[in-house]
$ cat model-v4.tsv   # TSV, C-alpha atoms
chain	number	residue	atom	x	y	z
Z	22	MET	CA	-45.71	21.54	10.78
Z	23	ASP	CA	-42.54	21.46	8.66
Z	24	PHE	CA	-43.51	21.78	5.00
Z	25	ARG	CA	-39.94	21.89	3.71
Z	26	LEU	CA	-38.82	19.19	1.26
Z	27	ASN	CA	-36.46	16.55	2.62
Z	28	GLU	CA	-33.01	16.13	1.07
Z	29	GLU	CA	-34.08	13.53	-1.47
Z	30	GLN	CA	-37.13	15.54	-2.54
Z	31	GLN	CA	-35.05	18.71	-2.86
Z	32	MET	CA	-32.52	16.89	-5.05
Z	33	LEU	CA	-35.36	15.72	-7.28
Z	34	GLN	CA	-36.74	19.25	-7.62
Z	35	ASP	CA	-33.27	20.68	-8.29
Z	36	THR	CA	-32.70	18.11	-11.03
Z	37	VAL	CA	-35.89	19.15	-12.83
Z	38	ALA	CA	-35.11	22.85	-12.31
Z	39	ARG	CA	-31.64	22.50	-13.89
Z	40	LEU	CA	-33.06	20.57	-16.83
Z	41	VAL	CA	-35.78	23.15	-17.47
Z	42	ARG	CA	-33.38	26.10	-17.18
Z	43	GLY	CA	-30.89	24.51	-19.53
Z	44	GLU	CA	-33.23	23.15	-22.18
Z	45	TYR	CA	-36.45	25.15	-22.12
Z	46	SER	CA	-36.11	28.83	-22.88
Z	47	PHE	CA	-39.20	30.81	-23.84
Z	48	GLU	CA	-37.97	31.10	-27.43
Z	49	LYS	CA	-37.51	27.33	-27.69
Z	50	ARG	CA	-40.97	26.78	-26.26
Z	51	LEU	CA	-42.48	28.85	-29.06
Z	52	GLU	CA	-40.57	26.74	-31.59
Z	53	TYR	CA	-41.71	23.47	-29.99
Z	54	SER	CA	-45.32	24.62	-29.93
Z	55	GLU	CA	-45.33	25.28	-33.67
Z	56	THR	CA	-44.01	21.84	-34.66
Z	57	GLU	CA	-46.25	19.00	-35.79
Z	58	LEU	CA	-45.48	17.10	-32.58
Z	59	GLY	CA	-46.35	20.14	-30.47
Z	60	PHE	CA	-43.58	19.65	-27.91
Z	61	SER	CA	-39.88	18.78	-27.68
Z	62	GLU	CA	-39.08	15.15	-28.43
Z	63	SER	CA	-35.56	15.70	-27.07
Z	64	PHE	CA	-36.83	17.13	-23.77
Z	65	TRP	CA	-39.33	14.28	-23.47
Z	66	LYS	CA	-36.51	11.74	-23.86
Z	67	GLN	CA	-34.41	13.53	-21.24
Z	68	LEU	CA	-37.29	13.35	-18.76
Z	69	GLY	CA	-37.26	9.60	-19.27
Z	70	GLU	CA	-33.48	9.18	-19.18
Z	71	LEU	CA	-33.22	11.07	-15.89
Z	72	GLY	CA	-35.89	8.85	-14.34
Z	73	LEU	CA	-38.34	11.72	-13.90
Z	74	MET	CA	-41.17	9.82	-15.59
Z	75	ALA	CA	-40.66	6.94	-13.18
Z	76	VAL	CA	-41.34	9.13	-10.12
Z	77	PRO	CA	-44.96	8.03	-9.40
Z	78	PHE	CA	-44.54	4.32	-10.11
Z	79	PRO	CA	-43.79	1.56	-7.56
Z	80	GLU	CA	-40.19	0.49	-7.14
Z	81	GLU	CA	-41.01	-3.11	-8.07
Z	82	LEU	CA	-42.04	-1.84	-11.52
Z	83	GLY	CA	-38.86	0.15	-11.98
Z	84	GLY	CA	-40.25	3.36	-10.53
Z	85	PHE	CA	-39.12	5.84	-7.91
Z	86	GLY	CA	-41.99	5.08	-5.54
Z	87	GLY	CA	-42.79	8.76	-5.18
Z	88	THR	CA	-45.83	10.24	-3.48
Z	89	GLY	CA	-47.94	13.26	-4.33
Z	90	VAL	CA	-45.18	15.47	-2.89
Z	91	GLU	CA	-42.54	14.18	-5.30
Z	92	VAL	CA	-44.94	14.44	-8.26
Z	93	GLN	CA	-45.77	18.03	-7.29
Z	94	SER	CA	-42.06	18.86	-7.07
Z	95	VAL	CA	-41.63	17.78	-10.69
Z	96	MET	CA	-44.80	19.51	-11.86
Z	97	THR	CA	-43.92	22.81	-10.14
Z	98	GLU	CA	-40.66	23.07	-12.07
Z	99	LEU	CA	-42.35	22.07	-15.33
Z	100	GLY	CA	-44.85	24.83	-14.60
Z	101	ARG	CA	-42.09	27.38	-14.04
Z	102	GLY	CA	-40.69	26.51	-17.46
Z	103	LEU	CA	-44.16	26.49	-19.01
Z	104	CYS	CA	-43.33	23.08	-20.45
Z	105	ILE	CA	-45.89	21.71	-22.90
Z	106	GLU	CA	-44.91	18.04	-22.79
Z	107	PRO	CA	-47.90	15.85	-21.75
Z	108	TYR	CA	-46.32	14.67	-18.48
Z	109	LEU	CA	-49.55	15.04	-16.52
Z	110	GLN	CA	-51.64	13.14	-19.06
Z	111	SER	CA	-49.18	10.34	-19.85
Z	112	VAL	CA	-47.33	9.72	-16.60
Z	113	VAL	CA	-49.62	10.87	-13.78
Z	114	LEU	CA	-53.11	10.16	-15.15
Z	115	GLY	CA	-52.55	7.53	-17.83
Z	116	GLY	CA	-49.90	5.67	-15.87
Z	117	GLY	CA	-51.96	5.99	-12.71
Z	118	LEU	CA	-55.05	4.43	-14.27
Z	119	ILE	CA	-53.06	1.48	-15.60
Z	120	SER	CA	-51.17	1.09	-12.32
Z	121	GLN	CA	-54.36	0.98	-10.23
Z	122	ALA	CA	-56.76	-0.87	-12.50
Z	123	GLY	CA	-54.48	-3.04	-14.61
Z	124	ASN	CA	-53.63	-6.66	-13.92
Z	125	GLU	CA	-50.02	-7.80	-13.52
Z	126	GLN	CA	-49.65	-8.61	-17.21
Z	127	GLN	CA	-50.99	-5.20	-18.27
Z	128	LYS	CA	-48.70	-3.38	-15.82
Z	129	GLU	CA	-45.65	-5.28	-17.07
Z	130	GLN	CA	-46.66	-4.66	-20.67
Z	131	TRP	CA	-47.15	-0.89	-20.47
Z	132	LEU	CA	-45.79	0.76	-17.32
Z	133	ALA	CA	-42.11	0.19	-18.05
Z	134	GLY	CA	-42.44	2.02	-21.37
Z	135	ILE	CA	-44.38	4.87	-19.77
Z	136	ALA	CA	-41.76	5.20	-17.02
Z	137	THR	CA	-38.96	5.60	-19.57
Z	138	GLY	CA	-40.91	7.83	-21.97
Z	139	GLU	CA	-40.80	5.28	-24.77
Z	140	THR	CA	-44.58	4.93	-24.57
Z	141	GLN	CA	-46.79	8.01	-24.50
Z	142	VAL	CA	-50.34	7.71	-23.16
Z	143	ALA	CA	-53.30	10.04	-23.54
Z	144	VAL	CA	-56.52	9.78	-21.56
Z	145	GLY	CA	-60.04	10.32	-22.88
Z	146	LEU	CA	-62.51	10.77	-20.02
Z	147	GLN	CA	-64.41	13.88	-21.10
Z	148	GLU	CA	-67.12	14.09	-23.75
Z	149	PRO	CA	-68.72	17.12	-25.41
Z	150	GLN	CA	-71.76	16.98	-23.12
Z	151	SER	CA	-70.09	15.91	-19.86
Z	152	PHE	CA	-68.98	19.29	-18.43
Z	153	TYR	CA	-66.27	17.84	-16.15
Z	154	ASN	CA	-68.50	15.00	-14.95
Z	155	THR	CA	-66.48	11.85	-15.62
Z	156	ASN	CA	-69.56	9.71	-14.93
Z	157	ASP	CA	-71.36	11.33	-17.88
Z	158	VAL	CA	-70.31	8.77	-20.48
Z	159	GLU	CA	-72.21	8.15	-23.71
Z	160	THR	CA	-69.40	6.31	-25.51
Z	161	THR	CA	-70.41	2.65	-25.59
Z	162	ALA	CA	-68.51	-0.64	-25.47
Z	163	GLU	CA	-70.58	-3.63	-26.56
Z	164	LYS	CA	-69.52	-7.25	-26.22
Z	165	ALA	CA	-68.86	-9.09	-29.47
Z	166	GLY	CA	-67.89	-12.60	-28.42
Z	167	SER	CA	-64.79	-12.19	-26.26
Z	168	ASP	CA	-64.07	-8.76	-27.79
Z	169	TYR	CA	-65.54	-5.28	-27.34
Z	170	VAL	CA	-66.71	-2.80	-29.98
Z	171	LEU	CA	-66.43	0.89	-29.01
Z	172	ASN	CA	-68.43	3.77	-30.47
Z	173	GLY	CA	-68.50	7.41	-29.38
Z	174	ARG	CA	-66.49	10.59	-29.06
Z	175	LYS	CA	-63.96	11.89	-26.52
Z	176	ALA	CA	-63.25	15.62	-26.32
Z	177	VAL	CA	-60.12	17.70	-25.59
Z	178	VAL	CA	-57.69	14.82	-25.18
Z	179	ILE	CA	-54.42	16.64	-24.48
Z	180	GLY	CA	-51.51	14.86	-26.15
Z	181	GLY	CA	-53.84	12.48	-27.91
Z	182	HIS	CA	-52.54	13.49	-31.35
Z	183	SER	CA	-49.11	11.98	-30.65
Z	184	ALA	CA	-49.92	9.22	-28.13
Z	185	ASP	CA	-49.07	5.57	-28.67
Z	186	LEU	CA	-51.80	4.36	-26.34
Z	187	LEU	CA	-55.18	5.79	-25.45
Z	188	VAL	CA	-57.00	5.06	-22.20
Z	189	VAL	CA	-60.70	5.80	-22.66
Z	190	SER	CA	-63.84	5.35	-20.60
Z	191	ALA	CA	-66.85	3.68	-22.19
Z	192	ARG	CA	-70.21	2.54	-20.95
Z	193	THR	CA	-70.80	-1.19	-20.82
Z	194	SER	CA	-74.13	-0.88	-18.98
Z	195	GLY	CA	-76.44	1.64	-17.32
Z	196	SER	CA	-77.69	5.05	-18.43
Z	197	SER	CA	-75.50	7.97	-19.47
Z	198	ARG	CA	-74.77	9.45	-16.01
Z	199	ASP	CA	-74.68	6.35	-13.85
Z	200	ALA	CA	-71.48	5.73	-11.91
Z	201	SER	CA	-71.96	2.01	-12.35
Z	202	GLY	CA	-71.47	0.54	-15.80
Z	203	ILE	CA	-68.35	2.55	-16.77
Z	204	SER	CA	-65.31	0.61	-17.98
Z	205	LEU	CA	-61.77	1.58	-18.99
Z	206	PHE	CA	-60.07	0.38	-22.17
Z	207	VAL	CA	-56.54	0.70	-23.51
Z	208	ILE	CA	-56.59	1.27	-27.26
Z	209	ASP	CA	-53.74	1.31	-29.74
Z	210	ALA	CA	-53.62	4.79	-31.24
Z	211	ASN	CA	-53.55	3.31	-34.74
Z	212	ALA	CA	-56.54	1.04	-34.22
Z	213	GLU	CA	-58.92	0.66	-37.15
Z	214	GLY	CA	-61.97	2.89	-36.80
Z	215	LEU	CA	-60.24	5.42	-34.56
Z	216	ASP	CA	-60.04	8.98	-35.93
Z	217	ARG	CA	-57.99	11.66	-34.15
Z	218	ARG	CA	-58.69	15.29	-35.05
Z	219	SER	CA	-56.08	17.54	-33.47
Z	220	TYR	CA	-56.03	21.29	-32.81
Z	221	PRO	CA	-53.97	23.80	-30.79
Z	222	THR	CA	-55.17	24.84	-27.34
Z	223	ILE	CA	-55.00	28.42	-26.06
Z	224	ASP	CA	-51.94	27.69	-23.90
Z	225	GLY	CA	-49.76	26.49	-26.78
Z	226	ALA	CA	-50.26	22.74	-26.32
Z	227	LYS	CA	-52.13	20.39	-28.65
Z	228	GLY	CA	-55.29	18.46	-28.02
Z	229	CYS	CA	-57.56	16.32	-30.11
Z	230	ASP	CA	-61.01	14.80	-30.24
Z	231	LEU	CA	-61.26	11.04	-30.55
Z	232	PHE	CA	-63.93	9.57	-32.81
Z	233	LEU	CA	-64.49	5.87	-32.23
Z	234	ASN	CA	-66.37	4.15	-35.02
Z	235	ASN	CA	-66.71	0.41	-34.39
Z	236	VAL	CA	-63.26	0.19	-32.82
Z	237	LYS	CA	-62.70	-3.45	-31.95
Z	238	VAL	CA	-60.46	-4.41	-29.01
Z	239	GLY	CA	-59.75	-7.70	-27.28
Z	240	ALA	CA	-60.69	-8.62	-23.73
Z	241	ASP	CA	-57.10	-7.90	-22.70
Z	242	ALA	CA	-57.73	-4.19	-23.44
Z	243	LEU	CA	-60.17	-3.95	-20.50
Z	244	LEU	CA	-58.60	-2.34	-17.41
Z	245	GLY	CA	-60.02	-3.75	-14.19
Z	246	ASN	CA	-63.49	-5.20	-13.79
Z	247	GLU	CA	-66.14	-4.45	-16.36
Z	248	GLY	CA	-68.48	-1.66	-15.26
Z	249	GLU	CA	-66.50	-0.76	-12.13
Z	250	ALA	CA	-64.13	1.96	-13.35
Z	251	ALA	CA	-65.85	5.02	-11.85
Z	252	ASP	CA	-64.06	4.80	-8.50
Z	253	VAL	CA	-60.69	4.25	-10.17
Z	254	ILE	CA	-61.24	7.26	-12.44
Z	255	GLU	CA	-62.28	9.48	-9.53
Z	256	TYR	CA	-59.24	8.49	-7.47
Z	257	GLN	CA	-56.73	9.01	-10.28
Z	258	VAL	CA	-58.31	12.31	-11.32
Z	259	GLY	CA	-57.74	13.40	-7.72
Z	260	ARG	CA	-54.03	12.54	-8.04
Z	261	ALA	CA	-53.89	14.43	-11.33
Z	262	ILE	CA	-55.57	17.48	-9.75
Z	263	SER	CA	-52.93	17.47	-7.01
Z	264	ALA	CA	-50.19	17.40	-9.66
Z	265	LEU	CA	-51.92	20.15	-11.63
Z	266	CYS	CA	-52.04	22.28	-8.49
Z	267	GLY	CA	-48.27	21.92	-8.25
Z	268	GLU	CA	-47.85	23.05	-11.85
Z	269	ALA	CA	-50.16	26.02	-11.21
Z	270	VAL	CA	-47.98	27.17	-8.31
Z	271	GLY	CA	-44.91	27.09	-10.56
Z	272	VAL	CA	-46.67	29.11	-13.25
Z	273	MET	CA	-47.97	31.64	-10.70
Z	274	GLU	CA	-44.52	32.06	-9.15
Z	275	VAL	CA	-43.02	33.12	-12.47
Z	276	ALA	CA	-46.05	35.28	-13.35
Z	277	CYS	CA	-45.60	37.19	-10.07
Z	278	ASP	CA	-41.84	37.52	-10.62
Z	279	LEU	CA	-42.37	38.88	-14.14
Z	280	THR	CA	-44.93	41.39	-12.89
Z	281	LEU	CA	-42.68	42.57	-10.06
Z	282	ASP	CA	-39.73	43.01	-12.43
Z	283	TYR	CA	-41.89	45.03	-14.81
Z	284	LEU	CA	-43.10	47.32	-12.02
Z	285	LYS	CA	-39.47	48.00	-11.08
Z	286	GLN	CA	-38.34	48.73	-14.65
Z	287	ARG	CA	-41.28	50.52	-16.30
Z	288	LYS	CA	-41.16	54.26	-15.67
Z	289	GLN	CA	-43.93	56.83	-15.74
Z	290	PHE	CA	-43.56	60.49	-14.79
Z	291	GLY	CA	-39.86	59.85	-14.32
Z	292	VAL	CA	-40.20	57.12	-11.65
Z	293	PRO	CA	-40.73	53.33	-11.71
Z	294	ILE	CA	-44.45	52.58	-11.67
Z	295	GLY	CA	-43.79	50.26	-8.74
Z	296	LYS	CA	-43.52	53.40	-6.61
Z	297	PHE	CA	-47.25	54.00	-7.04
Z	298	GLN	CA	-49.18	52.81	-4.03
Z	299	VAL	CA	-52.09	51.32	-5.93
Z	300	LEU	CA	-49.71	49.04	-7.86
Z	301	GLN	CA	-47.89	48.10	-4.67
Z	302	HIS	CA	-51.20	47.02	-3.16
Z	303	ARG	CA	-52.04	45.03	-6.29
Z	304	MET	CA	-48.68	43.28	-6.17
Z	305	ALA	CA	-49.18	42.48	-2.49
Z	306	ASP	CA	-52.58	40.96	-3.30
Z	307	MET	CA	-51.00	38.81	-6.02
Z	308	MET	CA	-48.34	37.52	-3.64
Z	309	SER	CA	-51.00	36.80	-1.03
Z	310	GLU	CA	-52.96	34.73	-3.54
Z	311	LEU	CA	-49.77	32.87	-4.47
Z	312	GLU	CA	-49.05	31.95	-0.86
Z	313	GLN	CA	-52.61	30.75	-0.37
Z	314	ALA	CA	-52.37	28.65	-3.52
Z	315	ARG	CA	-49.04	27.18	-2.42
Z	316	SER	CA	-50.54	26.15	0.92
Z	317	MET	CA	-53.49	24.45	-0.75
Z	318	ALA	CA	-51.19	22.65	-3.19
Z	319	ILE	CA	-49.20	21.25	-0.25
Z	320	LEU	CA	-52.44	20.12	1.39
Z	321	ALA	CA	-53.56	18.40	-1.82
Z	322	ALA	CA	-50.19	16.64	-2.15
Z	323	SER	CA	-50.49	15.34	1.40
Z	324	VAL	CA	-53.69	13.44	0.59
Z	325	ALA	CA	-53.08	12.57	-3.07
Z	326	ASP	CA	-52.04	8.98	-2.37
Z	327	GLU	CA	-54.19	8.43	0.70
Z	328	PRO	CA	-57.04	5.88	0.48
Z	329	GLN	CA	-60.24	7.35	-0.94
Z	330	SER	CA	-62.47	9.06	1.60
Z	331	ASP	CA	-64.85	12.00	1.79
Z	332	GLU	CA	-62.10	13.99	3.52
Z	333	ARG	CA	-59.74	13.36	0.60
Z	334	ARG	CA	-62.49	14.37	-1.82
Z	335	ARG	CA	-63.11	17.61	0.10
Z	336	VAL	CA	-59.41	18.52	0.23
Z	337	ILE	CA	-58.93	17.92	-3.50
Z	338	ALA	CA	-62.05	19.94	-4.38
Z	339	ALA	CA	-61.06	22.80	-2.06
Z	340	ALA	CA	-57.51	22.90	-3.41
Z	341	LYS	CA	-58.63	23.03	-7.04
Z	342	ASN	CA	-61.20	25.73	-6.27
Z	343	VAL	CA	-58.76	27.97	-4.40
Z	344	ILE	CA	-55.92	27.48	-6.89
Z	345	SER	CA	-58.20	28.10	-9.88
Z	346	ARG	CA	-59.39	31.37	-8.34
Z	347	SER	CA	-55.84	32.40	-7.47
Z	348	ALA	CA	-54.69	31.57	-10.99
Z	349	GLN	CA	-57.42	33.75	-12.49
Z	350	PHE	CA	-56.67	36.59	-10.07
Z	351	ILE	CA	-52.92	36.58	-10.75
Z	352	SER	CA	-53.32	36.37	-14.52
Z	353	GLU	CA	-55.85	39.23	-14.59
Z	354	LYS	CA	-53.98	41.52	-12.19
Z	355	GLY	CA	-50.71	40.76	-13.90
Z	356	ILE	CA	-52.11	41.80	-17.26
Z	357	GLN	CA	-53.55	44.98	-15.75
Z	358	SER	CA	-50.14	45.80	-14.24
Z	359	HIS	CA	-48.35	45.23	-17.53
Z	360	GLY	CA	-50.82	47.09	-19.70
Z	361	GLY	CA	-50.94	46.28	-23.41
Z	362	ILE	CA	-47.61	44.47	-23.48
Z	363	GLY	CA	-49.05	41.82	-21.16
Z	364	MET	CA	-51.22	40.52	-24.02
Z	365	THR	CA	-48.61	40.43	-26.81
Z	366	TRP	CA	-47.55	37.08	-28.26
Z	367	GLU	CA	-43.84	37.98	-28.12
Z	368	TYR	CA	-43.86	38.65	-24.36
Z	369	ASN	CA	-43.69	35.61	-22.11
Z	370	PHE	CA	-46.15	36.85	-19.47
Z	371	ALA	CA	-49.05	36.45	-21.91
Z	372	HIS	CA	-48.27	32.75	-22.24
Z	373	TYR	CA	-48.13	32.27	-18.48
Z	374	ALA	CA	-51.52	33.97	-18.21
Z	375	LYS	CA	-52.98	31.69	-20.88
Z	376	ARG	CA	-51.66	28.62	-19.12
Z	377	LEU	CA	-53.30	29.77	-15.88
Z	378	VAL	CA	-56.62	30.18	-17.69
Z	379	MET	CA	-56.29	26.66	-19.08
Z	380	ILE	CA	-55.40	25.21	-15.66
Z	381	ASN	CA	-58.60	26.71	-14.28
Z	382	HIS	CA	-60.60	24.67	-16.79
Z	383	GLN	CA	-58.65	21.42	-16.63
Z	384	LEU	CA	-60.19	18.65	-14.52
Z	385	GLY	CA	-62.98	20.94	-13.35
Z	386	ASP	CA	-63.10	24.72	-12.95
Z	387	ASP	CA	-63.51	26.67	-9.70
Z	388	ASP	CA	-67.33	26.66	-9.84
Z	389	PHE	CA	-67.47	22.90	-10.44
Z	390	HIS	CA	-65.27	22.15	-7.44
Z	391	LEU	CA	-67.08	24.66	-5.22
Z	392	GLU	CA	-70.34	22.83	-5.92
Z	393	ARG	CA	-68.62	19.50	-5.33
Z	394	TYR	CA	-67.22	20.68	-2.00
Z	395	ALA	CA	-70.61	21.99	-0.89
Z	396	ALA	CA	-72.31	18.72	-1.87
Z	397	LEU	CA	-69.74	16.72	0.13
Z	398	LEU	CA	-70.32	18.91	3.20
Z	399	GLU	CA	-74.09	18.57	2.89
Z	400	ALA	CA	-73.83	14.79	2.55
Z	401	ASN	CA	-72.06	14.65	5.89
$ encode --input "model-v4.tsv" --output "structure tokens"
Amino acid sequence: MDFRLNEEQQMLQDTVARLVRGEYSFEKRLEYSETELGFSESFWKQLGELGLMAVPFPEELGGFGGTGVEVQSVMTELGRGLCIEPYLQSVVLGGGLISQAGNEQQKEQWLAGIATGETQVAVGLQEPQSFYNTNDVETTAEKAGSDYVLNGRKAVVIGGHSADLLVVSARTSGSSRDASGISLFVIDANAEGLDRRSYPTIDGAKGCDLFLNNVKVGADALLGNEGEAADVIEYQVGRAISALCGEAVGVMEVACDLTLDYLKQRKQFGVPIGKFQVLQHRMADMMSELEQARSMAILAASVADEPQSDERRRVIAAAKNVISRSAQFISEKGIQSHGGIGMTWEYNFAHYAKRLVMINHQLGDDDFHLERYAALLEAN
């Protein structure tokens, strides 16, 4: 099979690569991370102006009509630049949930703004007790006439501190781990009763916990049918995992390049340490893991927009498991190859390693997806 990008896809990836190279040096990233916003407002606007946020959306809604391959192309270059803008959360996951579950009025109201970057979305699906299980929802949404009243807590909402809209899951019926009875709501970030407590994450981004205390929303805030959001969430999380795999490949590519350059430059006993056989073997193992991860990312992209099936579920779980393990391997071996400098704040490799650790834990770690893959095999 030919896994090369076609001309249009290559142009898209080149556009993102030029933007990242020109606007996103490591020094600037450190500056962006320390601001109150936590990322570059200017870079975010450029992503919108160049149409890069419109990539996953249908053409009839002003989008590019891109598939999982196009989304991965964007995410890989953002990963290479270690960009901390919440593209995954706002465009891929938030926009995806609204695009799939929303009615025509909701799509027209919100998707155009998301596609241009004027509207930033954050998604709250996880809770302190859920451990990656998006069906484990204790946040409640009770009917009050034609409105809903939401109470509960959402944990580690990346980009939630600066979002204009929040898409959250809440239980309208059933017990805490039932797939049925989960609904999705779009909430104004400044809604009364909503408290956002932000904090930095280990990879330099910002997250927050959402505390919902009698947050009242109208019936028009409900995405899709009441109590039937579990399948929508699962499908869109799969798309987000595919995109995250693309970002991971970009991060791993640079991490391997940095390690190889260091082995060529660092001298011990009068020769570059890359001459030592044990380090050559380690570098070869890192490159092997990278190639395996790249192959699995391509596989995930190929099924990202396919109709839901057990085969799609297995591919997504396998890709996330393999890429999470490869990310951990490359970050650990890269630090060992660098020695102490690999852990210093001033050296960029440390930040790539931290991002790889975070990717492992986003949307389910390697153990979670291994168990999921095994359960899917057993069920068939």
$ axis_aligned_box --input "model-v4.tsv" --around "stretch 253-264 of chain Z" --padding-each-side "6 Å" --output "lines of an AutoDock Vina configuration file"
center_x = -56.2
center_y = 10.9
center_z = -9.7
size_x = 24.1
size_y = 25.2
size_z = 17.4
$ residues_near_point --input "model-v4.tsv" --point "(-56.1, 10.3, -6.6)" --cutoff "10 Å" --atoms "all atoms listed in the file" --output "short mmCIF file (atom, residue, chain, number, x, y, z; two decimals) with C-alpha atoms, in the coordinates of the input"
data_model
loop_
_atom_site.label_atom_id
_atom_site.label_comp_id
_atom_site.auth_asym_id
_atom_site.auth_seq_id
_atom_site.Cartn_x
_atom_site.Cartn_y
_atom_site.Cartn_z
CA GLY Z 89 -47.94 13.26 -4.33
CA VAL Z 113 -49.62 10.87 -13.78
CA LEU Z 114 -53.11 10.16 -15.15
CA GLY Z 117 -51.96 5.99 -12.71
CA LEU Z 118 -55.05 4.43 -14.27
CA ASP Z 252 -64.06 4.80 -8.50
CA VAL Z 253 -60.69 4.25 -10.17
CA ILE Z 254 -61.24 7.26 -12.44
CA GLU Z 255 -62.28 9.48 -9.53
CA TYR Z 256 -59.24 8.49 -7.47
CA GLN Z 257 -56.73 9.01 -10.28
CA VAL Z 258 -58.31 12.31 -11.32
CA GLY Z 259 -57.74 13.40 -7.72
CA ARG Z 260 -54.03 12.54 -8.04
CA ALA Z 261 -53.89 14.43 -11.33
CA ILE Z 262 -55.57 17.48 -9.75
CA SER Z 263 -52.93 17.47 -7.01
CA ALA Z 264 -50.19 17.40 -9.66
CA ALA Z 321 -53.56 18.40 -1.82
CA ALA Z 322 -50.19 16.64 -2.15
CA VAL Z 324 -53.69 13.44 0.59
CA ALA Z 325 -53.08 12.57 -3.07
CA ASP Z 326 -52.04 8.98 -2.37
CA GLU Z 327 -54.19 8.43 0.70
CA PRO Z 328 -57.04 5.88 0.48
CA GLN Z 329 -60.24 7.35 -0.94
CA ARG Z 333 -59.74 13.36 0.60
CA ARG Z 334 -62.49 14.37 -1.82
CA ILE Z 337 -58.93 17.92 -3.50
#
$ closest_atom_pairs --input "model-v4.tsv" --of "stretch 163-256 of chain Z" --to "stretch 122-125 of chain Z" --cutoff "8 Å" --atoms "only C-alpha atoms" --output "Markdown table"
| residue | atom | partner | partner_atom | distance |
| --- | --- | --- | --- | --- |
| Z:Leu244 | CA | Z:Gly123 | CA | 5.0 |
| Z:Gly245 | CA | Z:Ala122 | CA | 4.7 |
| Z:Ala250 | CA | Z:Ala122 | CA | 7.9 |
| Z:Val253 | CA | Z:Ala122 | CA | 6.9 |
$ closest_residue --input "model-v4.tsv" --among "Z:Leu51, Z:Leu171, Z:Val76, Z:Leu279" --to "Z:Val90" --atoms "only C-alpha atoms"
Z:Val76
$ residues_around --input "model-v4.tsv" --residues "Z:Ile356" --least-positions-apart "2" --cutoff "12 Å" --atoms "all atoms listed in the file" --output "ChimeraX atom specification"
/Z:276-277,279-281,283-284,303-304,307,349-354,358-365,368-375
$ closest_residue --input "model-v4.tsv" --among "Z:Ala251, Z:Val95, Z:Ala75, Z:Ile135" --to "Z:Gln30" --atoms "only C-alpha atoms"
Z:Val95
$ residues_around --input "model-v4.tsv" --residues "Z:Tyr45" --least-positions-apart "2" --cutoff "10 Å" --atoms "all atoms listed in the file" --output "list in words"
Arg39, Leu40, Val41, Arg42, Gly43, Phe47, Glu48, Lys49, Arg50, Leu51, Tyr53, Ser61, Phe64, Leu99, Gly102, Leu103 and Cys104 of chain Z
$ closest_residue --input "model-v4.tsv" --among "Z:Phe389, Z:Val158, Z:Leu71, Z:Phe60" --to "Z:Ala338" --atoms "all atoms listed in the file"
Z:Phe389
$ closest_residue --input "model-v4.tsv" --among "Z:Pro79, Z:Ser151, Z:Val112, Z:Arg174" --to "Z:Glu129" --atoms "all atoms listed in the file"
Z:Pro79
$ atom_distance --input "model-v4.tsv" --atom1 "atom CA of Z:Ile105" --atom2 "atom CA of Z:Lys227"
8.6 Å
$ residues_around --input "model-v4.tsv" --residues "Z:Gly116" --least-positions-apart "5" --cutoff "9 Å" --atoms "all atoms listed in the file" --output "list in words"
Pro77, Phe78, Gln110, Ser111, Gln121, Trp131, Leu132, Ile135, Ala136 and Val142 of chain Z
$ atom_distance --input "model-v4.tsv" --atom1 "atom CA of Z:Thr160" --atom2 "atom CA of Z:Ala240"
17.4 Å
$ residues_around --input "model-v4.tsv" --residues "Z:Leu33" --least-positions-apart "3" --cutoff "8 Å" --atoms "all atoms listed in the file" --output "list of chain:residue names"
Z:Glu29, Z:Gln30, Z:Thr36, Z:Val37, Z:Glu91, Z:Ser94, Z:Val95
$ residues_around --input "model-v4.tsv" --residues "Z:Glu312" --least-positions-apart "2" --cutoff "12 Å" --atoms "all atoms listed in the file" --output "MDAnalysis selection string"
chainID Z and resid 269:271 273:274 277 305:310 314:319 343:344 347:348 351
$ decode --input "model-v4.tsv" --residues "stretch 45-66 of chain Z" --atoms "C-alpha atoms" --output "mmCIF file, in the first residue's frame"
data_model
loop_
_atom_site.group_PDB
_atom_site.id
_atom_site.type_symbol
_atom_site.label_atom_id
_atom_site.label_comp_id
_atom_site.auth_asym_id
_atom_site.auth_seq_id
_atom_site.Cartn_x
_atom_site.Cartn_y
_atom_site.Cartn_z
ATOM 1 C CA TYR Z 45 7.003 28.735 17.499
ATOM 2 C CA SER Z 46 10.568 28.567 18.723
ATOM 3 C CA PHE Z 47 11.320 26.754 21.970
ATOM 4 C CA GLU Z 48 12.061 30.061 23.710
ATOM 5 C CA LYS Z 49 8.716 31.505 22.629
ATOM 6 C CA ARG Z 50 6.952 28.387 23.831
ATOM 7 C CA LEU Z 51 8.363 28.900 27.312
ATOM 8 C CA GLU Z 52 7.104 32.485 27.250
ATOM 9 C CA TYR Z 53 3.626 31.436 26.087
ATOM 10 C CA SER Z 54 3.410 28.765 28.774
ATOM 11 C CA GLU Z 55 4.061 31.287 31.541
ATOM 12 C CA THR Z 56 1.330 33.730 30.469
ATOM 13 C CA GLU Z 57 -2.112 33.815 32.053
ATOM 14 C CA LEU Z 58 -3.641 32.489 28.826
ATOM 15 C CA GLY Z 59 -1.134 29.634 28.713
ATOM 16 C CA PHE Z 60 -0.634 29.700 24.942
ATOM 17 C CA SER Z 61 -0.116 32.143 22.071
ATOM 18 C CA GLU Z 62 -3.215 34.131 21.137
ATOM 19 C CA SER Z 63 -1.452 35.290 17.960
ATOM 20 C CA PHE Z 64 -0.609 31.726 16.881
ATOM 21 C CA TRP Z 65 -4.169 30.617 17.644
ATOM 22 C CA LYS Z 66 -5.520 33.370 15.372
#
